[in-house]
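Source file: input.txt. Holds: compact mmCIF, C-alpha atoms.
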# COMPACT_ATOMS: atom_id res chain seq x y z
CA MET C 1 13.21 12.20 92.57
CA ASN C 2 13.61 8.52 91.67
CA ILE C 3 16.80 7.50 89.83
CA ASP C 4 16.66 4.10 88.12
CA LEU C 5 19.35 2.15 86.30
CA SER C 6 18.37 -0.58 83.88
CA ARG C 7 20.78 -2.72 81.91
CA MET C 8 20.56 -1.92 78.23
CA GLN C 9 19.99 -4.75 75.76
CA ALA C 10 21.07 -5.20 72.13
CA ALA C 11 17.67 -3.93 70.97
CA GLN C 12 18.56 -0.56 72.54
CA ALA C 13 21.66 -0.03 70.39
CA GLY C 14 19.98 2.87 68.57
CA LEU C 15 19.07 4.56 71.86
CA LEU C 16 22.65 4.26 73.13
CA ALA C 17 24.00 5.58 69.81
CA ASN C 18 21.65 8.57 69.99
CA LEU C 19 22.62 9.38 73.59
CA TRP C 20 26.28 8.99 72.59
CA GLN C 21 25.80 11.83 70.10
CA TYR C 22 24.84 14.15 72.98
CA TYR C 23 27.80 12.87 75.01
CA GLN C 24 30.17 13.60 72.14
CA PHE C 25 28.58 16.99 71.48
CA ASP C 26 29.06 17.84 75.15
CA SER C 27 32.79 17.13 74.93
CA SER C 28 33.38 18.18 71.31
CA GLU C 29 35.01 21.52 72.09
CA ARG C 30 37.29 20.10 74.79
CA GLU C 31 38.28 17.09 72.69
CA GLN C 32 38.27 18.94 69.35
CA LEU C 33 35.80 16.48 67.80
CA ASP C 34 34.30 16.95 64.36
CA VAL C 35 31.22 15.41 62.83
CA ASP C 36 31.32 13.22 59.75
CA SER C 37 29.75 14.03 56.38
CA ALA C 38 26.35 12.93 57.73
CA GLY C 39 26.64 15.38 60.62
CA ARG C 40 27.23 12.74 63.30
CA PHE C 41 30.05 12.16 65.73
CA GLU C 42 31.93 8.88 65.48
CA THR C 43 30.14 6.07 67.28
CA PRO C 44 32.25 3.25 68.76
CA ASP C 45 30.03 0.47 67.37
CA GLU C 46 32.43 -2.28 68.47
CA VAL C 47 32.35 -1.04 72.07
CA PHE C 48 28.56 -0.67 71.97
CA SER C 49 28.19 -4.20 70.66
CA LYS C 50 30.42 -5.51 73.46
CA VAL C 51 28.65 -3.67 76.27
CA LEU C 52 25.15 -4.42 74.99
CA ARG C 53 26.00 -8.15 74.87
CA SER C 54 27.67 -7.87 78.32
CA GLU C 55 30.90 -9.39 77.02
CA ASP C 56 33.89 -9.62 79.36
CA GLY C 57 31.96 -8.09 82.25
CA SER C 58 31.23 -4.92 80.28
CA SER C 59 27.74 -3.44 80.34
CA ALA C 60 25.66 -0.37 79.57
CA TYR C 61 22.87 1.07 81.69
CA LEU C 62 20.11 3.49 80.92
CA VAL C 63 19.76 6.18 83.58
CA GLN C 64 16.21 7.36 84.18
CA CYS C 65 14.94 10.13 86.42
CA ASP C 66 11.29 9.75 87.44
CA GLY C 67 10.77 7.55 84.38
CA ALA C 68 12.35 9.95 81.86
CA ILE C 69 15.61 9.15 80.07
CA ALA C 70 18.35 11.10 81.82
CA GLY C 71 21.56 9.53 80.46
CA PHE C 72 23.66 6.40 80.36
CA LEU C 73 26.48 4.58 82.11
CA ILE C 74 29.05 2.30 80.52
CA LEU C 75 31.10 -0.14 82.60
CA LEU C 76 34.14 -1.81 81.05
CA SER C 77 36.43 -4.59 82.14
CA ALA C 78 39.92 -3.23 82.59
CA GLU C 79 43.26 -4.07 84.13
CA ILE C 80 45.24 -1.93 86.50
CA GLU C 81 48.59 -2.82 87.98
CA GLY C 82 48.27 -6.28 86.41
CA LYS C 83 44.91 -7.04 88.07
CA PRO C 84 41.43 -7.16 86.52
CA ILE C 85 39.04 -4.44 87.64
CA THR C 86 35.74 -2.98 86.50
CA GLU C 87 36.01 0.54 85.15
CA PHE C 88 33.26 3.09 85.78
CA ALA C 89 33.98 4.29 82.27
CA ASP C 90 31.43 6.67 80.79
CA LEU C 91 28.68 8.40 82.74
CA PHE C 92 26.60 10.91 80.85
CA VAL C 93 23.71 12.90 82.29
CA LEU C 94 21.63 15.10 80.00
CA PRO C 95 21.93 18.81 80.86
CA ARG C 96 18.35 19.02 82.17
CA TYR C 97 19.19 16.55 84.94
CA ARG C 98 22.57 17.90 85.95
CA ARG C 99 23.16 19.42 89.38
CA ARG C 100 20.14 17.50 90.69
CA GLY C 101 22.01 14.57 92.24
CA VAL C 102 21.55 12.13 89.35
CA ALA C 103 25.25 11.35 88.83
CA THR C 104 25.78 11.01 92.58
CA ALA C 105 22.83 8.61 92.80
CA VAL C 106 24.34 6.49 90.02
CA VAL C 107 27.71 6.37 91.83
CA GLU C 108 25.94 5.36 95.03
CA GLN C 109 23.90 2.64 93.32
CA VAL C 110 26.80 1.17 91.37
CA ILE C 111 30.04 1.71 93.31
CA LEU C 112 28.96 2.20 96.91
CA ARG C 113 26.54 -0.75 96.92
CA SER C 114 29.18 -3.03 95.46
CA ALA C 115 31.69 -5.19 97.30
CA GLN C 116 34.37 -4.82 94.64
CA PRO C 117 37.08 -2.28 93.84
CA TRP C 118 36.49 0.08 90.93
CA LEU C 119 38.62 2.03 88.50
CA VAL C 120 37.50 5.61 87.88
CA ALA C 121 39.27 7.33 85.00
CA VAL C 122 38.64 11.02 84.37
CA PHE C 123 40.00 13.06 81.47
CA ARG C 124 42.62 15.45 82.87
CA ASP C 125 41.22 18.33 80.82
CA ASP C 126 37.56 17.70 81.72
CA LEU C 127 37.24 20.26 84.50
CA LYS C 128 33.54 19.53 85.17
CA ALA C 129 34.18 15.81 85.62
CA GLN C 130 37.25 16.53 87.74
CA ALA C 131 35.17 18.77 90.02
CA PHE C 132 32.38 16.18 90.27
CA TRP C 133 34.76 13.38 91.27
CA ARG C 134 36.77 15.53 93.70
CA GLY C 135 33.50 16.39 95.44
CA ALA C 136 32.31 12.78 95.36
CA PHE C 137 35.58 11.53 96.88
CA GLU C 138 35.18 14.06 99.70
CA ARG C 139 31.50 13.59 100.55
CA LEU C 140 30.66 9.96 99.73
CA PRO C 141 31.65 7.05 101.97
CA PHE C 142 34.16 5.26 99.72
CA SER C 143 36.10 2.70 101.79
CA SER C 144 39.29 3.86 100.07
CA CYS C 145 40.44 6.07 97.23
CA ARG C 146 43.91 6.27 95.74
CA GLU C 147 45.23 7.82 92.58
CA VAL C 148 47.09 5.44 90.33
CA VAL C 149 50.41 7.04 89.41
CA PRO C 150 51.62 6.97 86.76
CA PRO C 151 48.42 6.21 84.87
CA GLU C 152 48.63 3.83 81.95
CA LEU C 153 46.88 6.47 79.86
CA PRO C 154 48.43 9.91 80.52
CA GLU C 155 45.34 11.83 79.39
CA PHE C 156 43.45 10.47 82.42
CA HIS C 157 43.51 10.84 86.17
CA GLU C 158 42.92 7.28 87.36
CA PHE C 159 41.64 6.34 90.78
CA VAL C 160 41.03 2.97 92.40
CA VAL C 161 38.21 3.15 94.93
CA ASN C 162 36.81 0.70 97.47
CA GLU C 163 39.82 -1.62 97.47
CA GLY C 164 39.18 -2.51 101.09
CA SER C 165 35.59 -3.61 100.46
CA ALA C 166 36.40 -6.71 98.41
For this file, write the structure as structure tokens.
Amino acid sequence: MNIDLSRMQAAQAGLLANLWQYYQFDSSEREQLDVDSAGRFETPDEVFSKVLRSEDGSSAYLVQCDGAIAGFLILLSAEIEGKPITEFADLFVLPRYRRRGVATAVVEQVILRSAQPWLVAVFRDDLKAQAFWRGAFERLPFSSCREVVPPELPEFHEFVVNEGSA
């Protein structure tokens, strides 16, 4: 299985918006999200515009598995403890590709091959994401991992990883 990441461009705004609908659907029960009168979940157009233009170090990536669209990744510029850091913000893998190593491959390609520290923020009530990251922290060779307490956003568990690799 070949997992590829390609940076998304402004021309792919519609693709990102469509994938976002699946992402929101996936979390709609947990987050109590409703659709609008057109039957769509809210789309953060301002964030999409920023990441698709790669403003402030933010970016979006298309995740493909053997050439097929498998999901997306959004990276955002953030600040933690008064220092700038890149946040591994939103990773979404379509259900067909889950439990096949796709998310792990993305983490390996982005975080583990990087020489910078990363912020990983996980919703406290997202038990699937919590389980994924707990497992990743145990089995992958992060140079360091520490929980940021108290988090600036209480609905998240926040972790800074690979601080020693910079």
### Query
What lies within 12 Å of Gln21 (chain C) using only C-alpha atoms, ignoring chain neighbours under 6 positions off, as a PyMOL selection string?
chain C and resi 14-15+27-28+33-36+39-44+71-72+92+94
Would you mind telling me which residue in C:Arg96, C:Arg30, C:Arg146, C:Lys50 lies nearest to Trp118 (chain C) when using all atoms listed in the file?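 Of the candidates, the smallest distance to Trp118 (chain C) is held by C:Arg146.
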Find the nearest atom pair between each residue of region 79-116 of chain C and region 155-159 of chain C for residues within 12 Å, count all atoms listed in the file, give distances in Å to one decimal, sort rows by chain and ascending number, and present the table as CSV.
residue,atom,partner,partner_atom,distance
C:Glu79,CA,C:Glu158,CA,11.8
C:Ile80,CA,C:Glu158,CA,9.5
C:Glu81,CA,C:Glu158,CA,11.6
C:Ile85,CA,C:Phe159,CA,11.5
C:Thr86,CA,C:Phe159,CA,11.8
C:Glu87,CA,C:Phe159,CA,9.9
C:Phe88,CA,C:Phe159,CA,10.3
C:Ala89,CA,C:Glu158,CA,10.7
In Å, how far is it from CA of Glu163 (chain C) to CA of Ser143 (chain C)?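 Spanning CA of Glu163 (chain C) to CA of Ser143 (chain C) is a straight-line distance of 7.2 Å.
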task = Tell me, in Å to one decimal, how far CA of Val106 (chain C) is from CA of Asp125 (chain C).
result =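 These two atoms are separated by 22.6 Å.
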Fill in: For Ser59 (chain C), the nearest of the candidates C:Asn18, C:Ser37, C:Ser77, C:Asn162, counting all atoms listed in the file
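Looking only at the distances to Ser59 (chain C), the closest residue turns out to be C:Ser77.
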Margin query: I'd like the interatomic distance between CA of Val148 (chain C) and CA of Ala78 (chain C), to a tenth of an Å.
Written below: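 CA of Val148 (chain C) sits 13.7 Å away from CA of Ala78 (chain C).
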Fill in: Option closest in space to Leu91 (chain C), from C:Ala103, C:Leu73, C:Val161, C:Ala38 [counting all atoms listed in the file]
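The closest residue to Leu91 (chain C) is C:Leu73.
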List the spatial neighbours of Asn2 (chain C) as a ChimeraX atom specification - criterion: any atom at most 9 Å away, all atoms listed in the file, same-chain residues fewer than 3 positions off excluded. /C:64-67
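The list of residues with at least one atom within 10 Å of Pro141 (chain C), based on only C-alpha atoms and without residues fewer than 4 positions apart in the same chain, reads Glu108, Leu112, Ala136, Phe137 and Asn162 of chain C.
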Quiz item: Within 8 Å of region 7-9 of chain C, counting all atoms listed in the file, which residues qualify if same-chain residues fewer than 2 places away don't, as a ChimeraX atom specification?
Solution: /C:5,11-13,52-53,59-62
Restricting to only C-alpha atoms, whichever of C:Gly57, C:Gly164, C:Pro150, C:Gly135 is closest to Leu75 (chain C) is C:Gly57
